[in-house]
Amino acid sequence: MNTFIDRHSELQTLENEYARKGSSLVILYGRRRVGKTTLITEFIKDKKALFFLASEESEQQNRAIFKEKAAEFIGRDLLKNVS
């Protein structure tokens, strides 16, 4: 099992934004293989959250997969049929 090490300030920043009233946008960027996905996965592990990582498939395929996952997440089959 991997241990999550030394990202306390980043996690605290995400927690602060999550706890804020209203909306916010956090953009997470960095070089390849520095732990961005691991950071997000660790952050959402105790929250109700939808995590979607786009693949190198077409934009249309990514949208279709996202739509299906979002419909499952919110429990609305109607969303699956939206075009």
# chains A, B, ... in the order shown; residues from 1 in each chain; ligands from 1
call {"tool": "select_by_dssp", "arguments": {"residues": "chain A", "states": "alpha helix (DSSP H)", "output": "ChimeraX atom specification"}}
result
/A:8-19,36-44,59-74,77-80
call {"tool": "closest_residue", "arguments": {"among": "A:Lys48, A:Arg20, A:His8, A:Lys80", "to": "Ile65 of chain A", "atoms": "only C-alpha atoms"}}
result
A:Lys80
call {"tool": "atom_distance", "arguments": {"atom1": "atom CA of Ala54 of chain A", "atom2": "atom CA of Thr38 of chain A"}}
result
15.4 Å
call {"tool": "atom_distance", "arguments": {"atom1": "atom CA of Phe4 of chain A", "atom2": "atom CA of Gly35 of chain A"}}
result
9.7 Å
call {"tool": "closest_residue", "arguments": {"among": "A:Ser24, A:Leu11, A:Ser58, A:Arg76", "to": "Ile40 of chain A", "atoms": "only C-alpha atoms"}}
result
A:Leu11
call {"tool": "closest_residue", "arguments": {"among": "A:Ile5, A:Ala70, A:Ile44, A:Val34", "to": "Tyr18 of chain A", "atoms": "only C-alpha atoms"}}
result
A:Ile44
call {"tool": "atom_distance", "arguments": {"atom1": "atom CA of Ser23 of chain A", "atom2": "atom CA of Leu50 of chain A"}}
result
16.4 Å
call {"tool": "decode", "arguments": {"residues": "segment 21-58 of chain A", "atoms": "N, CA and C atoms", "output": "PDB file, in the first residue's frame"}}
result
ATOM      1  N   LYS A  21     -18.135  29.076   1.713  1.00  0.00           N
ATOM      2  CA  LYS A  21     -19.514  29.283   1.259  1.00  0.00           C
ATOM      3  C   LYS A  21     -19.452  29.732  -0.197  1.00  0.00           C
ATOM      4  N   GLY A  22     -20.388  29.302  -0.983  1.00  0.00           N
ATOM      5  CA  GLY A  22     -20.410  29.691  -2.385  1.00  0.00           C
ATOM      6  C   GLY A  22     -19.574  28.753  -3.237  1.00  0.00           C
ATOM      7  N   SER A  23     -19.328  29.191  -4.430  1.00  0.00           N
ATOM      8  CA  SER A  23     -18.596  28.376  -5.398  1.00  0.00           C
ATOM      9  C   SER A  23     -17.135  28.797  -5.461  1.00  0.00           C
ATOM     10  N   SER A  24     -16.310  27.866  -5.877  1.00  0.00           N
ATOM     11  CA  SER A  24     -14.915  28.194  -6.144  1.00  0.00           C
ATOM     12  C   SER A  24     -14.383  27.218  -7.181  1.00  0.00           C
ATOM     13  N   LEU A  25     -13.293  27.587  -7.772  1.00  0.00           N
ATOM     14  CA  LEU A  25     -12.646  26.758  -8.778  1.00  0.00           C
ATOM     15  C   LEU A  25     -11.190  26.614  -8.378  1.00  0.00           C
ATOM     16  N   VAL A  26     -10.736  25.384  -8.320  1.00  0.00           N
ATOM     17  CA  VAL A  26      -9.333  25.114  -8.028  1.00  0.00           C
ATOM     18  C   VAL A  26      -8.749  24.428  -9.248  1.00  0.00           C
ATOM     19  N   ILE A  27      -7.695  24.990  -9.775  1.00  0.00           N
ATOM     20  CA  ILE A  27      -7.014  24.396 -10.921  1.00  0.00           C
ATOM     21  C   ILE A  27      -5.750  23.732 -10.402  1.00  0.00           C
ATOM     22  N   LEU A  28      -5.635  22.470 -10.687  1.00  0.00           N
ATOM     23  CA  LEU A  28      -4.491  21.688 -10.235  1.00  0.00           C
ATOM     24  C   LEU A  28      -3.653  21.356 -11.456  1.00  0.00           C
ATOM     25  N   TYR A  29      -2.416  21.796 -11.460  1.00  0.00           N
ATOM     26  CA  TYR A  29      -1.561  21.520 -12.601  1.00  0.00           C
ATOM     27  C   TYR A  29      -0.148  21.204 -12.130  1.00  0.00           C
ATOM     28  N   GLY A  30       0.605  20.603 -12.996  1.00  0.00           N
ATOM     29  CA  GLY A  30       1.985  20.268 -12.689  1.00  0.00           C
ATOM     30  C   GLY A  30       2.524  19.284 -13.706  1.00  0.00           C
ATOM     31  N   ARG A  31       3.795  19.015 -13.582  1.00  0.00           N
ATOM     32  CA  ARG A  31       4.435  18.057 -14.486  1.00  0.00           C
ATOM     33  C   ARG A  31       3.810  16.677 -14.331  1.00  0.00           C
ATOM     34  N   ARG A  32       4.100  15.846 -15.264  1.00  0.00           N
ATOM     35  CA  ARG A  32       3.634  14.457 -15.215  1.00  0.00           C
ATOM     36  C   ARG A  32       4.225  13.757 -14.007  1.00  0.00           C
ATOM     37  N   ARG A  33       3.419  12.862 -13.416  1.00  0.00           N
ATOM     38  CA  ARG A  33       3.880  11.934 -12.383  1.00  0.00           C
ATOM     39  C   ARG A  33       4.396  12.603 -11.111  1.00  0.00           C
ATOM     40  N   VAL A  34       3.778  13.746 -10.755  1.00  0.00           N
ATOM     41  CA  VAL A  34       4.163  14.398  -9.496  1.00  0.00           C
ATOM     42  C   VAL A  34       3.128  14.176  -8.400  1.00  0.00           C
ATOM     43  N   GLY A  35       2.025  13.477  -8.719  1.00  0.00           N
ATOM     44  CA  GLY A  35       1.054  13.119  -7.695  1.00  0.00           C
ATOM     45  C   GLY A  35      -0.250  13.892  -7.722  1.00  0.00           C
ATOM     46  N   LYS A  36      -0.605  14.500  -8.842  1.00  0.00           N
ATOM     47  CA  LYS A  36      -1.851  15.276  -8.919  1.00  0.00           C
ATOM     48  C   LYS A  36      -3.070  14.380  -8.703  1.00  0.00           C
ATOM     49  N   THR A  37      -3.117  13.255  -9.394  1.00  0.00           N
ATOM     50  CA  THR A  37      -4.250  12.340  -9.255  1.00  0.00           C
ATOM     51  C   THR A  37      -4.302  11.758  -7.852  1.00  0.00           C
ATOM     52  N   THR A  38      -3.163  11.417  -7.299  1.00  0.00           N
ATOM     53  CA  THR A  38      -3.109  10.886  -5.939  1.00  0.00           C
ATOM     54  C   THR A  38      -3.602  11.920  -4.933  1.00  0.00           C
ATOM     55  N   LEU A  39      -3.226  13.169  -5.127  1.00  0.00           N
ATOM     56  CA  LEU A  39      -3.671  14.251  -4.244  1.00  0.00           C
ATOM     57  C   LEU A  39      -5.194  14.369  -4.267  1.00  0.00           C
ATOM     58  N   ILE A  40      -5.777  14.403  -5.438  1.00  0.00           N
ATOM     59  CA  ILE A  40      -7.226  14.521  -5.554  1.00  0.00           C
ATOM     60  C   ILE A  40      -7.917  13.292  -4.968  1.00  0.00           C
ATOM     61  N   THR A  41      -7.396  12.111  -5.250  1.00  0.00           N
ATOM     62  CA  THR A  41      -7.974  10.879  -4.718  1.00  0.00           C
ATOM     63  C   THR A  41      -7.948  10.875  -3.197  1.00  0.00           C
ATOM     64  N   GLU A  42      -6.855  11.314  -2.618  1.00  0.00           N
ATOM     65  CA  GLU A  42      -6.741  11.397  -1.157  1.00  0.00           C
ATOM     66  C   GLU A  42      -7.734  12.421  -0.599  1.00  0.00           C
ATOM     67  N   PHE A  43      -7.851  13.545  -1.276  1.00  0.00           N
ATOM     68  CA  PHE A  43      -8.744  14.608  -0.815  1.00  0.00           C
ATOM     69  C   PHE A  43     -10.205  14.164  -0.800  1.00  0.00           C
ATOM     70  N   ILE A  44     -10.649  13.449  -1.819  1.00  0.00           N
ATOM     71  CA  ILE A  44     -12.071  13.101  -1.918  1.00  0.00           C
ATOM     72  C   ILE A  44     -12.425  11.791  -1.237  1.00  0.00           C
ATOM     73  N   LYS A  45     -11.471  11.095  -0.649  1.00  0.00           N
ATOM     74  CA  LYS A  45     -11.761   9.751  -0.137  1.00  0.00           C
ATOM     75  C   LYS A  45     -12.843   9.721   0.934  1.00  0.00           C
ATOM     76  N   ASP A  46     -13.039  10.790   1.681  1.00  0.00           N
ATOM     77  CA  ASP A  46     -14.082  10.807   2.717  1.00  0.00           C
ATOM     78  C   ASP A  46     -15.223  11.759   2.363  1.00  0.00           C
ATOM     79  N   LYS A  47     -15.340  12.097   1.074  1.00  0.00           N
ATOM     80  CA  LYS A  47     -16.373  13.023   0.613  1.00  0.00           C
ATOM     81  C   LYS A  47     -17.213  12.366  -0.477  1.00  0.00           C
ATOM     82  N   LYS A  48     -18.424  12.837  -0.595  1.00  0.00           N
ATOM     83  CA  LYS A  48     -19.236  12.402  -1.727  1.00  0.00           C
ATOM     84  C   LYS A  48     -18.745  13.199  -2.931  1.00  0.00           C
ATOM     85  N   ALA A  49     -18.119  12.514  -3.857  1.00  0.00           N
ATOM     86  CA  ALA A  49     -17.488  13.213  -4.969  1.00  0.00           C
ATOM     87  C   ALA A  49     -17.493  12.354  -6.219  1.00  0.00           C
ATOM     88  N   LEU A  50     -17.487  13.027  -7.338  1.00  0.00           N
ATOM     89  CA  LEU A  50     -17.359  12.372  -8.628  1.00  0.00           C
ATOM     90  C   LEU A  50     -16.001  12.748  -9.192  1.00  0.00           C
ATOM     91  N   PHE A  51     -15.183  11.759  -9.471  1.00  0.00           N
ATOM     92  CA  PHE A  51     -13.867  11.992 -10.067  1.00  0.00           C
ATOM     93  C   PHE A  51     -13.889  11.388 -11.453  1.00  0.00           C
ATOM     94  N   PHE A  52     -13.587  12.201 -12.439  1.00  0.00           N
ATOM     95  CA  PHE A  52     -13.553  11.725 -13.822  1.00  0.00           C
ATOM     96  C   PHE A  52     -12.238  12.154 -14.435  1.00  0.00           C
ATOM     97  N   LEU A  53     -11.508  11.203 -14.952  1.00  0.00           N
ATOM     98  CA  LEU A  53     -10.243  11.470 -15.612  1.00  0.00           C
ATOM     99  C   LEU A  53     -10.434  11.172 -17.087  1.00  0.00           C
ATOM    100  N   ALA A  54     -10.381  12.216 -17.912  1.00  0.00           N
ATOM    101  CA  ALA A  54     -10.562  12.035 -19.347  1.00  0.00           C
ATOM    102  C   ALA A  54      -9.425  11.198 -19.914  1.00  0.00           C
ATOM    103  N   SER A  55      -9.761  10.423 -20.905  1.00  0.00           N
ATOM    104  CA  SER A  55      -8.768   9.570 -21.549  1.00  0.00           C
ATOM    105  C   SER A  55      -8.371  10.183 -22.888  1.00  0.00           C
ATOM    106  N   GLU A  56      -7.543   9.490 -23.603  1.00  0.00           N
ATOM    107  CA  GLU A  56      -7.113   9.992 -24.908  1.00  0.00           C
ATOM    108  C   GLU A  56      -8.072   9.581 -26.023  1.00  0.00           C
ATOM    109  N   GLU A  57      -9.253   9.124 -25.630  1.00  0.00           N
ATOM    110  CA  GLU A  57     -10.275   8.835 -26.627  1.00  0.00           C
ATOM    111  C   GLU A  57     -10.780  10.161 -27.182  1.00  0.00           C
ATOM    112  N   SER A  58     -11.753  10.103 -28.051  1.00  0.00           N
ATOM    113  CA  SER A  58     -12.282  11.330 -28.637  1.00  0.00           C
ATOM    114  C   SER A  58     -13.047  12.138 -27.592  1.00  0.00           C
TER     115      SER A  58
END
